[in-house]
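Here is the file final.tsv (TSV, C-alpha atoms).
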chain	number	residue	atom	x	y	z
A	1	MET	CA	-63.43	-10.67	-25.49
A	2	ARG	CA	-60.12	-12.50	-25.88
A	3	TRP	CA	-59.09	-12.76	-22.24
A	4	PHE	CA	-62.26	-14.63	-21.26
A	5	LEU	CA	-61.07	-17.59	-23.36
A	6	VAL	CA	-57.67	-17.88	-21.68
A	7	ARG	CA	-57.07	-21.24	-20.03
A	8	ASN	CA	-53.34	-21.50	-19.23
A	9	VAL	CA	-50.11	-19.56	-18.98
A	10	TYR	CA	-49.40	-20.01	-22.70
A	11	ASP	CA	-52.52	-18.09	-23.62
A	12	SER	CA	-51.94	-15.41	-21.00
A	13	VAL	CA	-48.44	-14.55	-22.29
A	14	GLN	CA	-49.38	-14.56	-25.98
A	15	PRO	CA	-49.99	-10.79	-26.41
A	16	PHE	CA	-46.56	-9.85	-25.13
A	17	MET	CA	-44.89	-12.67	-27.06
A	18	ASN	CA	-46.50	-11.33	-30.24
A	19	LEU	CA	-45.09	-7.87	-29.50
A	20	LEU	CA	-41.62	-9.35	-28.92
A	21	GLY	CA	-41.90	-11.28	-32.16
A	22	ILE	CA	-42.60	-8.09	-34.13
A	23	VAL	CA	-39.29	-6.51	-33.07
A	24	GLY	CA	-37.25	-9.71	-33.37
A	25	LEU	CA	-36.81	-10.57	-29.69
A	26	ALA	CA	-38.78	-13.83	-29.70
A	27	PRO	CA	-37.08	-16.37	-32.01
A	28	PHE	CA	-38.79	-19.22	-30.16
A	29	GLY	CA	-42.21	-20.80	-29.85
A	30	ASN	CA	-44.39	-21.27	-26.81
A	31	ARG	CA	-44.36	-25.08	-26.97
A	32	LEU	CA	-41.61	-27.62	-26.51
A	33	ALA	CA	-42.25	-29.53	-29.75
A	34	MET	CA	-40.37	-27.91	-32.62
A	35	LYS	CA	-40.52	-29.23	-36.17
A	36	PRO	CA	-37.55	-29.01	-38.60
A	37	MET	CA	-39.44	-26.48	-40.72
A	38	ASN	CA	-39.93	-24.29	-37.66
A	39	ARG	CA	-36.19	-24.40	-36.94
A	40	CYS	CA	-35.43	-23.20	-40.49
A	41	PHE	CA	-38.01	-20.44	-40.12
A	42	GLU	CA	-36.42	-19.35	-36.84
A	43	MET	CA	-32.99	-19.20	-38.49
A	44	VAL	CA	-34.34	-16.95	-41.26
A	45	TYR	CA	-36.14	-14.86	-38.63
A	46	VAL	CA	-32.89	-14.29	-36.70
A	47	LEU	CA	-30.84	-13.45	-39.81
A	48	VAL	CA	-33.44	-10.98	-41.12
A	49	TYR	CA	-33.60	-8.98	-37.90
A	50	VAL	CA	-29.83	-9.03	-37.35
A	51	GLY	CA	-29.38	-7.72	-40.90
A	52	LEU	CA	-32.08	-5.07	-40.41
A	53	TYR	CA	-30.54	-3.72	-37.21
A	54	SER	CA	-27.04	-3.85	-38.74
A	55	TYR	CA	-28.17	-1.67	-41.63
A	56	ALA	CA	-29.91	0.70	-39.21
A	57	ILE	CA	-26.79	1.27	-37.11
A	58	TYR	CA	-24.70	1.71	-40.25
A	59	ALA	CA	-27.10	4.35	-41.58
A	60	PHE	CA	-27.09	6.23	-38.28
A	61	LEU	CA	-23.33	6.27	-37.70
A	62	PHE	CA	-22.37	7.24	-41.25
A	63	VAL	CA	-25.27	9.54	-42.17
A	64	ALA	CA	-26.33	11.45	-39.06
A	65	ASN	CA	-24.23	14.34	-37.76
A	66	VAL	CA	-25.01	13.96	-34.09
A	67	ALA	CA	-22.41	16.44	-32.82
A	68	ASP	CA	-23.94	19.33	-34.77
A	69	PHE	CA	-27.38	18.17	-33.78
A	70	HIS	CA	-26.65	18.49	-30.04
A	71	LEU	CA	-24.19	21.39	-30.33
A	72	SER	CA	-21.86	19.39	-28.07
A	73	VAL	CA	-19.05	17.06	-29.07
A	74	ILE	CA	-19.28	15.22	-25.76
A	75	ILE	CA	-23.01	14.50	-25.98
A	76	GLY	CA	-22.81	13.62	-29.67
A	77	THR	CA	-19.97	11.16	-29.15
A	78	ILE	CA	-21.62	9.54	-26.15
A	79	GLU	CA	-24.90	9.14	-28.04
A	80	CYS	CA	-23.13	7.36	-30.90
A	81	ILE	CA	-21.43	5.05	-28.40
A	82	ASN	CA	-24.73	4.51	-26.59
A	83	LEU	CA	-26.58	3.62	-29.80
A	84	SER	CA	-23.78	1.24	-30.82
A	85	CYS	CA	-24.03	-0.47	-27.43
A	86	GLN	CA	-27.81	-0.75	-27.86
A	87	TYR	CA	-27.24	-2.40	-31.24
A	88	LEU	CA	-24.77	-4.91	-29.77
A	89	THR	CA	-27.18	-5.62	-26.91
A	90	MET	CA	-30.07	-6.29	-29.30
A	91	VAL	CA	-28.02	-8.55	-31.55
A	92	PHE	CA	-26.77	-10.46	-28.53
A	93	ALA	CA	-30.32	-10.74	-27.15
A	94	ILE	CA	-31.67	-12.11	-30.45
A	95	LEU	CA	-28.86	-14.63	-30.92
A	96	PHE	CA	-28.78	-15.70	-27.27
A	97	ALA	CA	-32.58	-16.11	-27.15
A	98	TRP	CA	-32.37	-18.32	-30.23
A	99	THR	CA	-29.56	-20.34	-28.61
A	100	VAL	CA	-31.38	-20.92	-25.30
A	101	LYS	CA	-34.90	-21.07	-26.74
A	102	GLY	CA	-35.40	-24.54	-25.23
A	103	ARG	CA	-34.77	-23.18	-21.73
A	104	ILE	CA	-37.04	-20.19	-22.27
A	105	VAL	CA	-39.86	-22.51	-23.36
A	106	SER	CA	-39.06	-24.71	-20.35
A	107	VAL	CA	-39.78	-21.71	-18.13
A	108	LEU	CA	-43.32	-21.50	-19.48
A	109	HIS	CA	-43.72	-25.29	-19.39
A	110	THR	CA	-42.66	-25.47	-15.74
A	111	LEU	CA	-44.95	-22.59	-14.80
A	112	HIS	CA	-47.81	-24.43	-16.49
A	113	GLU	CA	-47.04	-27.57	-14.46
A	114	CYS	CA	-46.94	-25.50	-11.27
A	115	ASP	CA	-50.32	-23.96	-12.09
A	116	VAL	CA	-51.87	-27.38	-12.63
A	117	GLN	CA	-50.45	-28.76	-9.40
A	118	LEU	CA	-51.33	-25.62	-7.42
A	119	SER	CA	-54.95	-25.73	-8.54
A	120	LYS	CA	-55.39	-29.13	-6.82
A	121	PHE	CA	-55.26	-27.71	-3.28
A	122	SER	CA	-55.73	-23.92	-3.63
A	123	PRO	CA	-57.63	-21.39	-5.78
A	124	PRO	CA	-56.17	-21.51	-9.32
A	125	ILE	CA	-54.27	-18.71	-10.96
A	126	ASP	CA	-56.61	-16.32	-12.75
A	127	HIS	CA	-55.17	-16.52	-16.26
A	128	ARG	CA	-57.90	-14.33	-17.72
A	129	LYS	CA	-56.95	-11.48	-15.39
A	130	LEU	CA	-53.28	-12.02	-16.18
A	131	HIS	CA	-54.02	-11.99	-19.91
A	132	MET	CA	-55.83	-8.68	-19.53
A	133	LYS	CA	-52.90	-7.19	-17.60
A	134	VAL	CA	-50.43	-8.40	-20.20
A	135	SER	CA	-52.54	-6.97	-23.02
A	136	MET	CA	-52.80	-3.62	-21.27
A	137	LEU	CA	-49.06	-3.65	-20.57
A	138	ALA	CA	-48.20	-4.31	-24.21
A	139	LEU	CA	-50.67	-1.69	-25.42
A	140	GLY	CA	-49.45	0.83	-22.85
A	141	ILE	CA	-45.81	0.36	-23.86
A	142	VAL	CA	-46.51	0.92	-27.55
A	143	CYS	CA	-48.90	3.86	-27.03
A	144	SER	CA	-46.68	5.66	-24.52
A	145	TYR	CA	-43.61	5.23	-26.71
A	146	LEU	CA	-45.41	6.51	-29.82
A	147	LEU	CA	-46.79	9.45	-27.82
A	148	LEU	CA	-43.32	10.50	-26.69
A	149	MET	CA	-42.04	10.12	-30.25
A	150	ALA	CA	-44.91	12.29	-31.54
A	151	ILE	CA	-43.91	15.00	-29.06
A	152	HIS	CA	-40.17	14.65	-29.59
A	153	LEU	CA	-39.95	14.78	-33.40
A	154	PRO	CA	-41.82	18.11	-33.93
A	155	LEU	CA	-39.65	19.73	-31.27
A	156	ILE	CA	-36.53	18.55	-33.11
A	157	LEU	CA	-37.69	20.18	-36.34
A	158	GLU	CA	-38.63	23.39	-34.51
A	159	LEU	CA	-35.69	23.79	-32.13
A	160	VAL	CA	-32.89	22.75	-34.51
A	161	PRO	CA	-33.68	24.48	-37.81
A	162	HIS	CA	-30.10	24.18	-39.07
A	163	VAL	CA	-30.34	20.36	-39.01
A	164	GLU	CA	-32.95	18.49	-41.03
A	165	PRO	CA	-33.03	14.89	-39.75
A	166	SER	CA	-33.80	12.30	-42.39
A	167	LEU	CA	-35.62	9.00	-42.04
A	168	LYS	CA	-32.27	7.18	-41.79
A	169	GLU	CA	-31.48	9.21	-38.68
A	170	ILE	CA	-34.88	8.95	-37.00
A	171	LEU	CA	-35.74	5.28	-37.59
A	172	PRO	CA	-32.57	3.69	-36.08
A	173	SER	CA	-32.81	5.58	-32.79
A	174	SER	CA	-36.57	4.94	-32.63
A	175	MET	CA	-36.20	1.21	-33.35
A	176	PHE	CA	-33.33	0.77	-30.90
A	177	GLY	CA	-35.15	2.72	-28.20
A	178	LEU	CA	-38.26	0.54	-28.51
A	179	CYS	CA	-36.27	-2.71	-28.52
A	180	PHE	CA	-34.24	-1.51	-25.54
A	181	LEU	CA	-37.49	-0.88	-23.67
A	182	LEU	CA	-38.96	-4.26	-24.64
A	183	GLN	CA	-35.86	-6.10	-23.41
A	184	ILE	CA	-36.42	-4.57	-19.98
A	185	CYS	CA	-40.14	-5.37	-20.12
A	186	GLN	CA	-39.43	-8.96	-21.19
A	187	PHE	CA	-37.44	-9.56	-18.01
A	188	LEU	CA	-40.08	-7.70	-16.01
A	189	PHE	CA	-42.81	-9.87	-17.53
A	190	PHE	CA	-41.24	-13.15	-16.40
A	191	LEU	CA	-40.62	-11.71	-12.94
A	192	LEU	CA	-44.31	-10.82	-12.68
A	193	LEU	CA	-45.23	-14.41	-13.54
A	194	LEU	CA	-42.93	-15.69	-10.81
A	195	LYS	CA	-44.19	-13.19	-8.24
A	196	ASP	CA	-47.80	-14.31	-8.71
A	197	ARG	CA	-46.82	-17.97	-8.16
A	198	TYR	CA	-44.83	-17.26	-4.99
A	199	CYS	CA	-47.72	-15.20	-3.61
A	200	ALA	CA	-50.11	-18.04	-4.46
A	201	ILE	CA	-47.93	-20.54	-2.58
A	202	ASN	CA	-47.88	-18.29	0.49
A	203	ARG	CA	-51.67	-17.97	0.36
A	204	ALA	CA	-52.05	-21.73	0.05
A	205	PHE	CA	-49.77	-22.27	3.04
A	206	ARG	CA	-51.87	-19.92	5.18
A	207	MET	CA	-54.98	-21.87	4.20
A	208	TYR	CA	-53.76	-25.15	5.70
A	209	PHE	CA	-51.48	-24.08	8.53
A	210	PRO	CA	-52.27	-21.68	11.42
A	211	THR	CA	-49.60	-18.98	11.77
A	212	THR	CA	-50.84	-17.12	14.88
A	213	PRO	CA	-51.76	-18.51	18.31
A	214	SER	CA	-55.26	-17.02	18.04
A	215	THR	CA	-56.06	-19.19	14.99
A	216	VAL	CA	-55.20	-22.46	16.73
A	217	GLY	CA	-58.43	-24.38	17.06
A	218	ASN	CA	-60.34	-21.73	15.10
A	219	ARG	CA	-61.33	-23.57	11.92
A	220	SER	CA	-62.74	-20.44	10.32
A	221	GLU	CA	-59.23	-19.03	9.96
A	222	PHE	CA	-57.75	-21.87	7.91
A	223	ALA	CA	-58.80	-24.88	5.90
A	224	ILE	CA	-60.47	-27.73	7.77
A	225	CYS	CA	-58.06	-30.61	7.23
A	226	SER	CA	-56.53	-33.54	9.03
A	227	GLU	CA	-52.91	-34.15	9.94
A	228	LYS	CA	-52.46	-36.45	6.96
A	229	GLU	CA	-53.89	-33.86	4.58
A	230	GLN	CA	-51.61	-31.18	6.02
A	231	ILE	CA	-48.58	-33.38	5.39
A	232	ASN	CA	-49.68	-34.16	1.82
A	233	VAL	CA	-50.29	-30.49	1.05
A	234	LEU	CA	-46.94	-29.52	2.58
A	235	LYS	CA	-45.15	-32.05	0.39
A	236	GLN	CA	-46.78	-30.56	-2.71
A	237	ILE	CA	-45.86	-27.05	-1.58
A	238	LYS	CA	-42.25	-28.12	-1.13
A	239	ILE	CA	-42.16	-29.54	-4.67
A	240	LEU	CA	-43.81	-26.43	-6.10
A	241	HIS	CA	-41.40	-24.12	-4.28
A	242	ASP	CA	-38.45	-26.12	-5.56
A	243	LYS	CA	-39.77	-25.95	-9.13
A	244	LEU	CA	-40.23	-22.20	-8.89
A	245	ASN	CA	-36.66	-21.86	-7.66
A	246	ASP	CA	-35.58	-23.79	-10.75
A	247	VAL	CA	-37.56	-21.34	-12.87
A	248	VAL	CA	-35.82	-18.41	-11.14
A	249	GLU	CA	-32.45	-19.91	-12.02
A	250	LEU	CA	-33.56	-20.39	-15.63
A	251	VAL	CA	-34.79	-16.80	-15.87
A	252	ASN	CA	-31.52	-15.54	-14.41
A	253	TYR	CA	-29.58	-17.61	-16.93
A	254	CYS	CA	-31.67	-16.63	-19.96
A	255	PHE	CA	-32.13	-12.91	-19.34
A	256	SER	CA	-29.66	-11.66	-16.73
A	257	VAL	CA	-26.89	-10.83	-19.22
A	258	GLN	CA	-29.20	-8.84	-21.49
A	259	ILE	CA	-30.82	-7.00	-18.60
A	260	THR	CA	-27.38	-6.19	-17.18
A	261	PHE	CA	-26.48	-4.52	-20.47
A	262	CYS	CA	-29.81	-2.68	-20.41
A	263	VAL	CA	-29.22	-1.44	-16.85
A	264	GLY	CA	-25.74	-0.30	-17.84
A	265	LEU	CA	-27.10	1.55	-20.86
A	266	CYS	CA	-29.83	3.10	-18.74
A	267	PHE	CA	-27.10	4.33	-16.41
A	268	VAL	CA	-25.24	5.87	-19.37
A	269	ILE	CA	-28.45	7.46	-20.65
A	270	GLY	CA	-29.08	8.89	-17.19
A	271	VAL	CA	-25.62	10.45	-17.03
A	272	VAL	CA	-25.86	11.92	-20.54
A	273	CYS	CA	-29.42	13.25	-20.11
A	274	SER	CA	-28.58	14.76	-16.73
A	275	PHE	CA	-25.53	16.39	-18.27
A	276	GLY	CA	-27.63	17.70	-21.17
A	277	LEU	CA	-30.18	19.10	-18.71
A	278	PHE	CA	-27.37	20.83	-16.83
A	279	ARG	CA	-26.05	22.42	-20.05
A	280	ALA	CA	-29.55	23.52	-20.96
A	281	PHE	CA	-29.97	25.34	-17.65
A	282	ILE	CA	-26.49	26.88	-17.84
A	283	TYR	CA	-26.42	28.12	-21.45
A	284	ARG	CA	-30.16	28.81	-21.80
A	285	ASN	CA	-29.96	28.37	-25.59
A	286	GLU	CA	-32.58	27.11	-28.05
A	287	LEU	CA	-31.97	23.52	-26.92
A	288	PHE	CA	-33.30	24.11	-23.41
A	289	TYR	CA	-36.59	22.33	-24.08
A	290	MET	CA	-34.78	19.52	-25.88
A	291	GLY	CA	-32.63	18.93	-22.81
A	292	VAL	CA	-35.76	18.74	-20.68
A	293	LEU	CA	-37.39	16.37	-23.17
A	294	ASN	CA	-34.35	14.07	-23.22
A	295	PHE	CA	-34.46	13.95	-19.44
A	296	ILE	CA	-38.14	12.95	-19.67
A	297	TRP	CA	-37.08	10.09	-21.97
A	298	TYR	CA	-34.59	8.99	-19.33
A	299	MET	CA	-37.27	9.05	-16.63
A	300	TYR	CA	-39.50	7.02	-18.94
A	301	TYR	CA	-36.90	4.24	-19.26
A	302	LEU	CA	-36.01	4.53	-15.60
A	303	PHE	CA	-39.62	3.84	-14.62
A	304	PHE	CA	-39.46	0.34	-16.13
A	305	VAL	CA	-36.04	-0.31	-14.56
A	306	LEU	CA	-37.44	0.65	-11.18
A	307	PHE	CA	-40.45	-1.55	-11.90
A	308	PHE	CA	-38.43	-4.76	-12.39
A	309	ILE	CA	-36.16	-3.88	-9.44
A	310	ALA	CA	-39.28	-3.56	-7.28
A	311	VAL	CA	-40.68	-6.87	-8.58
A	312	GLY	CA	-37.33	-8.61	-8.02
A	313	SER	CA	-37.26	-7.31	-4.45
A	314	LYS	CA	-40.86	-8.49	-4.01
A	315	ILE	CA	-39.92	-12.03	-5.10
A	316	THR	CA	-37.07	-12.10	-2.59
A	317	ARG	CA	-39.40	-10.86	0.17
A	318	GLU	CA	-42.02	-13.49	-0.68
A	319	GLY	CA	-39.30	-16.15	-0.53
A	320	LYS	CA	-38.33	-14.97	2.95
A	321	ARG	CA	-41.94	-14.56	4.06
A	322	ILE	CA	-42.77	-18.22	3.57
A	323	GLY	CA	-39.85	-19.07	5.85
A	324	ILE	CA	-41.39	-16.85	8.52
A	325	LEU	CA	-44.77	-18.52	7.99
A	326	VAL	CA	-43.17	-21.96	8.36
A	327	HIS	CA	-41.64	-21.09	11.74
A	328	LYS	CA	-44.90	-19.56	12.93
A	329	ALA	CA	-46.70	-22.75	11.89
A	330	ILE	CA	-44.15	-24.79	13.85
A	331	ASN	CA	-44.94	-22.77	16.97
A	332	CYS	CA	-48.69	-23.18	16.45
A	333	SER	CA	-48.73	-26.87	15.48
A	334	SER	CA	-49.27	-29.69	17.99
A	335	SER	CA	-48.53	-32.62	15.69
A	336	SER	CA	-45.00	-34.03	15.82
A	337	ALA	CA	-45.28	-35.40	12.27
A	338	VAL	CA	-46.34	-32.02	10.88
A	339	ILE	CA	-43.60	-30.25	12.85
A	340	ASN	CA	-41.03	-32.66	11.42
A	341	GLU	CA	-42.16	-31.91	7.85
A	342	LEU	CA	-42.14	-28.19	8.57
A	343	ASN	CA	-38.57	-28.44	9.86
A	344	LEU	CA	-37.52	-30.19	6.64
A	345	PHE	CA	-39.21	-27.46	4.62
A	346	SER	CA	-37.41	-24.85	6.70
A	347	GLN	CA	-34.07	-26.45	5.82
A	348	GLN	CA	-35.04	-26.45	2.16
A	349	LEU	CA	-35.85	-22.73	2.34
A	350	LEU	CA	-32.54	-22.09	4.07
A	351	HIS	CA	-30.56	-23.65	1.23
A	352	ARG	CA	-32.75	-22.48	-1.68
A	353	SER	CA	-34.39	-19.09	-1.70
A	354	PRO	CA	-35.34	-17.05	-4.79
A	355	VAL	CA	-32.81	-14.36	-5.70
A	356	ILE	CA	-32.92	-12.35	-8.94
A	357	THR	CA	-29.29	-11.85	-9.86
A	358	CYS	CA	-26.90	-11.77	-12.79
A	359	GLY	CA	-23.97	-13.12	-10.75
A	360	LEU	CA	-22.34	-9.71	-10.30
A	361	PHE	CA	-25.07	-8.06	-8.24
A	362	VAL	CA	-28.61	-8.66	-7.04
A	363	TYR	CA	-31.48	-6.78	-8.65
A	364	ASP	CA	-32.85	-5.04	-5.58
A	365	TRP	CA	-33.01	-1.54	-4.16
A	366	THR	CA	-29.31	-1.59	-3.29
A	367	LEU	CA	-28.57	-1.57	-7.01
A	368	TRP	CA	-30.78	1.50	-7.41
A	369	TYR	CA	-28.92	3.39	-4.67
A	370	THR	CA	-25.60	2.47	-6.28
A	371	MET	CA	-26.79	3.80	-9.65
A	372	ILE	CA	-27.79	7.13	-8.09
A	373	GLY	CA	-24.38	7.58	-6.48
A	374	ALA	CA	-22.49	6.61	-9.64
A	375	THR	CA	-24.63	8.95	-11.77
A	376	ALA	CA	-23.78	11.89	-9.51
A	377	THR	CA	-20.06	11.03	-9.65
A	378	TYR	CA	-19.83	10.80	-13.44
A	379	LEU	CA	-22.03	13.85	-13.89
A	380	ILE	CA	-19.50	15.91	-11.98
A	381	ILE	CA	-16.71	14.53	-14.17
A	382	LEU	CA	-18.58	15.42	-17.38
A	383	ILE	CA	-19.28	18.93	-16.12
A	384	GLN	CA	-15.56	19.42	-15.47
A	385	PHE	CA	-14.69	18.19	-18.97
A	386	ASP	CA	-17.33	20.44	-20.53
A	387	VAL	CA	-15.86	23.46	-18.78
A	388	SER	CA	-12.35	22.51	-19.91
A	389	PHE	CA	-13.18	22.04	-23.63
A	390	PRO	CA	-14.79	24.73	-25.85
A	391	ASN	CA	-18.27	23.70	-26.95
A	392	LEU	CA	-19.85	24.45	-30.31
A	393	VAL	CA	-22.12	27.15	-28.89
A	394	ASN	CA	-19.20	29.24	-27.68
A	395	VAL	CA	-17.20	28.55	-30.85
A	396	ASN	CA	-20.07	29.66	-33.08
A	397	ALA	CA	-20.66	32.77	-30.97
A	398	THR	CA	-16.97	33.72	-31.13
A	399	ALA	CA	-16.86	33.19	-34.91
A	400	ALA	CA	-19.97	35.32	-35.38
A	401	TYR	CA	-18.46	38.10	-33.25
A	402	ARG	CA	-15.19	38.09	-35.23
A	403	GLY	CA	-17.12	38.11	-38.51
A	404	SER	CA	-19.12	41.16	-37.47
A	405	THR	CA	-15.98	43.09	-36.52
Can you give me the file's structure in the form of structure tokens?
Amino acid sequence: MRWFLVRNVYDSVQPFMNLLGIVGLAPFGNRLAMKPMNRCFEMVYVLVYVGLYSYAIYAFLFVANVADFHLSVIIGTIECINLSCQYLTMVFAILFAWTVKGRIVSVLHTLHECDVQLSKFSPPIDHRKLHMKVSMLALGIVCSYLLLMAIHLPLILELVPHVEPSLKEILPSSMFGLCFLLQICQFLFFLLLLKDRYCAINRAFRMYFPTTPSTVGNRSEFAICSEKEQINVLKQIKILHDKLNDVVELVNYCFSVQITFCVGLCFVIGVVCSFGLFRAFIYRNELFYMGVLNFIWYMYYLFFVLFFIAVGSKITREGKRIGILVHKAINCSSSSAVINELNLFSQQLLHRSPVITCGLFVYDWTLWYTMIGATATYLIILIQFDVSFPNLVNVNATAAYRGST
């Protein structure tokens, strides 16, 4: 099978890169060498997908009647704004990825160099296992999204008989929803690559340096090595850690703006879907199941947001954990030369630690708690506005009553 032939990080990331290329989010190659013909092909690639998404948003905004579809002016207006923001986010992601394609490829190139250097003194990264995980992730994303679409579309035709959605209404929202999801998963994918490397560095450090008093003198607990070998390995670990910190900064630069837009849109989707679920429970009309289904869509997107927040927090914890291991090794070491190198490494960790951030906030669990509080606040505001303005359900009921009298 394919993953048994994987030899490096380029091969392991190929399945997900192919999926990104299908939707227009990968206008770059996996190698640093780019020929002039490839640059022209990338330019055509970018223009084709920007034009395709531009036509899709035009067809949705000027063909679909979203307010009648949801029986709520508020929800219909917010959905149009949300889809327009998704379009702008996708266009920005495609153009920005094409602009910084050299840095994105440098991320993979630096990770490949780290893997080669790490394999010299510790067990190598299992690229075959990573390739299998990436393949299953890509297949799971596509299958789960198509499954939800297969459930959602028949319910639309059954629950809203007065509206017959056309292909121009269904395709734009479906395309934008998938691309929105893949933008989140793209950032998540690079974070997973970084997490594995930081964990590998911590495992390599434990192999050569005792971190508990009980392991001092017990050669079965750590690698049998001399003082000179410990110093050489520590120097390589310091270089590797510094390179990975460079990769973290590159990933933050290349993807933090897009993922910030995605988190903001996910917040908007959460507010709207929660508001729709509230209206479904209050009015108990024919759109009750649609409100529940829209909330399931929100939980589906939220799962991936929580996933990359958890991975970002894990990277930060691994960066702090190696500092703890260094100080434990200082307490357990008896060599002054090794202690001196460990102190230098401790200073390096103090000044450079991995943090997944966009500059405005850090992607950790604090961000998740903030989103929950803000969602509750804006949900209350929307409920107050919905009570103040007459909705289409009440207007139609009143008109039907007057017509009968």
Within 7 Å of range 170-187 of chain A, which residues of range 47-132 of chain A come that close, and what is the closest atom pair and distance in Å for each? Count all atoms listed in the file and give it as JSON lines.
{"residue": "A:Ala56", "atom": "CA", "partner": "A:Pro172", "partner_atom": "CA", "distance": 5.1}
{"residue": "A:Ile57", "atom": "CA", "partner": "A:Pro172", "partner_atom": "CA", "distance": 6.4}
{"residue": "A:Phe60", "atom": "CA", "partner": "A:Pro172", "partner_atom": "CA", "distance": 6.4}
{"residue": "A:Gln86", "atom": "CA", "partner": "A:Phe176", "partner_atom": "CA", "distance": 6.5}
{"residue": "A:Tyr87", "atom": "CA", "partner": "A:Phe176", "partner_atom": "CA", "distance": 6.9}
Next, dump the selected residues to file, keeping only C-alpha atoms, as a CSV table (one decimal), in the coordinates of the input.
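Contents of part-v3.csv, freshly written:
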chain,number,residue,atom,x,y,z
A,56,ALA,CA,-29.9,0.7,-39.2
A,57,ILE,CA,-26.8,1.3,-37.1
A,60,PHE,CA,-27.1,6.2,-38.3
A,86,GLN,CA,-27.8,-0.8,-27.9
A,87,TYR,CA,-27.2,-2.4,-31.2
Distance of CA of Ser353 in chain A from CA of Lys320 in chain A, expressed in Å to one decimal place =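 A separation of 7.4 Å between them.
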ask   = Which residue gives the smallest distance to Leu194 in chain A among A:Pro154, A:Gly373, A:Pro354, A:Gly24, with only C-alpha atoms counted?
value =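 Selected residue with least distance to Leu194 in chain A: A:Pro354.
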inquiry  = For Cys273 in chain A, find every residue with an atom within 8 Å (counting all atoms listed in the file), except residues of its own chain fewer than 5 positions away, and show them as an MDAnalysis selection string.
reply    = chainID A and resid 291 294:295 298
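Closest approach to Val247 in chain A among A:Val107, A:Ile125, A:Val91, A:Phe205: A:Val107, based on all atoms listed in the file.
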note = A straight line from CA of Pro124 in chain A to CA of Asn18 in chain A spans 25.2 Å
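Every protein or nucleic acid residue with an atom no more than 8 Å from Tyr253 in chain A, counting all atoms listed in the file and leaving out same-chain residues fewer than 4 positions away, appears here: Glu249, Val257 and Cys358 of chain A.
You can rank A:Val248, A:Met43, A:Ile381, A:Cys114 by their closest distance to Phe190 in chain A using all atoms listed in the file, and at the top of that list sits A:Val248.
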key: Nearest candidate to Lys235 in chain A (options A:Leu342, A:Leu146, A:Val311, A:Leu47; using only C-alpha atoms)   = A:Leu342
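Checking A:Ser333, A:Phe361, A:Lys328, A:Glu42 one by one against Thr211 in chain A, counting only C-alpha atoms, you find the shortest gap at A:Lys328.
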task = Would you please work out which residue, of A:Leu130, A:Leu108, A:Met90, A:Met17, is nearest to Leu5 in chain A when using all atoms listed in the file?
result =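 Among A:Leu130, A:Leu108, A:Met90, A:Met17, it is A:Leu130 that comes nearest to Leu5 in chain A.
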message = Show me the residues close to (-45.1, -23.7, -14.2) - anything with an atom within 12 Å, counting only C-alpha atoms - and format the list as a ChimeraX atom specification.
response = /A:8-10,104-119,125,190,193-194,196-198,239-248
inquiry  = I want to know what sits within 10 Å of Thr99 in chain A, based on only C-alpha atoms, with residues of the same chain fewer than 5 positions away left out; could you give that as a ChimeraX atom specification?
reply    = /A:27-28,93-94,104,254
Could you write out the selected residues, including C-alpha atoms, as a compact mmCIF listing (two decimals), in the coordinates of the input?
# COMPACT_ATOMS: atom_id res chain seq x y z
CA PRO A 27 -37.08 -16.37 -32.01
CA PHE A 28 -38.79 -19.22 -30.16
CA ALA A 93 -30.32 -10.74 -27.15
CA ILE A 94 -31.67 -12.11 -30.45
CA ILE A 104 -37.04 -20.19 -22.27
CA CYS A 254 -31.67 -16.63 -19.96
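The gap separating CA of Arg128 in chain A from CA of Lys101 in chain A is 25.6 Å, in Å to one decimal.
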Once you add 4 Å to each side, what are the centre and edge lengths of the axis-aligned box holding all listed atoms of range 103-117 of chain A? One decimal in Å, as JSON, if you can.
{"center_x": -43.3, "center_y": -24.5, "center_z": -16.4, "size_x": 25.1, "size_y": 16.6, "size_z": 22.0}
Distance query Arg321 in chain A at most 10 Å, all atoms listed in the file, self and fewer than 6 positions along chain excluded, as a JSON list (two decimals) with C-alpha atoms, in the frame of the given file:
[["chain", "number", "residue", "atom", "x", "y", "z"],
["A", 198, "TYR", "CA", -44.83, -17.26, -4.99],
["A", 199, "CYS", "CA", -47.72, -15.20, -3.61],
["A", 202, "ASN", "CA", -47.88, -18.29, 0.49],
["A", 315, "ILE", "CA", -39.92, -12.03, -5.10]]
Can you pull out every residue within 8 Å of Leu349 in chain A, counting all atoms listed in the file, but drop anything in the same chain fewer than 3 positions away, and send it as a PDB file with C-alpha atoms, in the coordinates of the input?
ATOM      1  CA  GLY A 319     -39.300 -16.150  -0.530  1.00  0.00           C
ATOM      2  CA  GLY A 323     -39.850 -19.070   5.850  1.00  0.00           C
ATOM      3  CA  PHE A 345     -39.210 -27.460   4.620  1.00  0.00           C
ATOM      4  CA  SER A 346     -37.410 -24.850   6.700  1.00  0.00           C
ATOM      5  CA  ARG A 352     -32.750 -22.480  -1.680  1.00  0.00           C
ATOM      6  CA  SER A 353     -34.390 -19.090  -1.700  1.00  0.00           C
TER       7      SER A 353
END
Nearby residues, (-44.5, 3.1, -23.0) file frame, 10 Å, all atoms listed in the file, as a list in words =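 Residues with an atom at most 10 Å from (-44.5, 3.1, -23.0): Leu137, Ala138, Leu139, Gly140, Ile141, Val142, Cys143, Ser144, Tyr145, Leu146, Leu147, Leu148, Leu178, Leu181, Leu182, Cys185, Tyr300, Tyr301, Phe303 and Phe304 of chain A.
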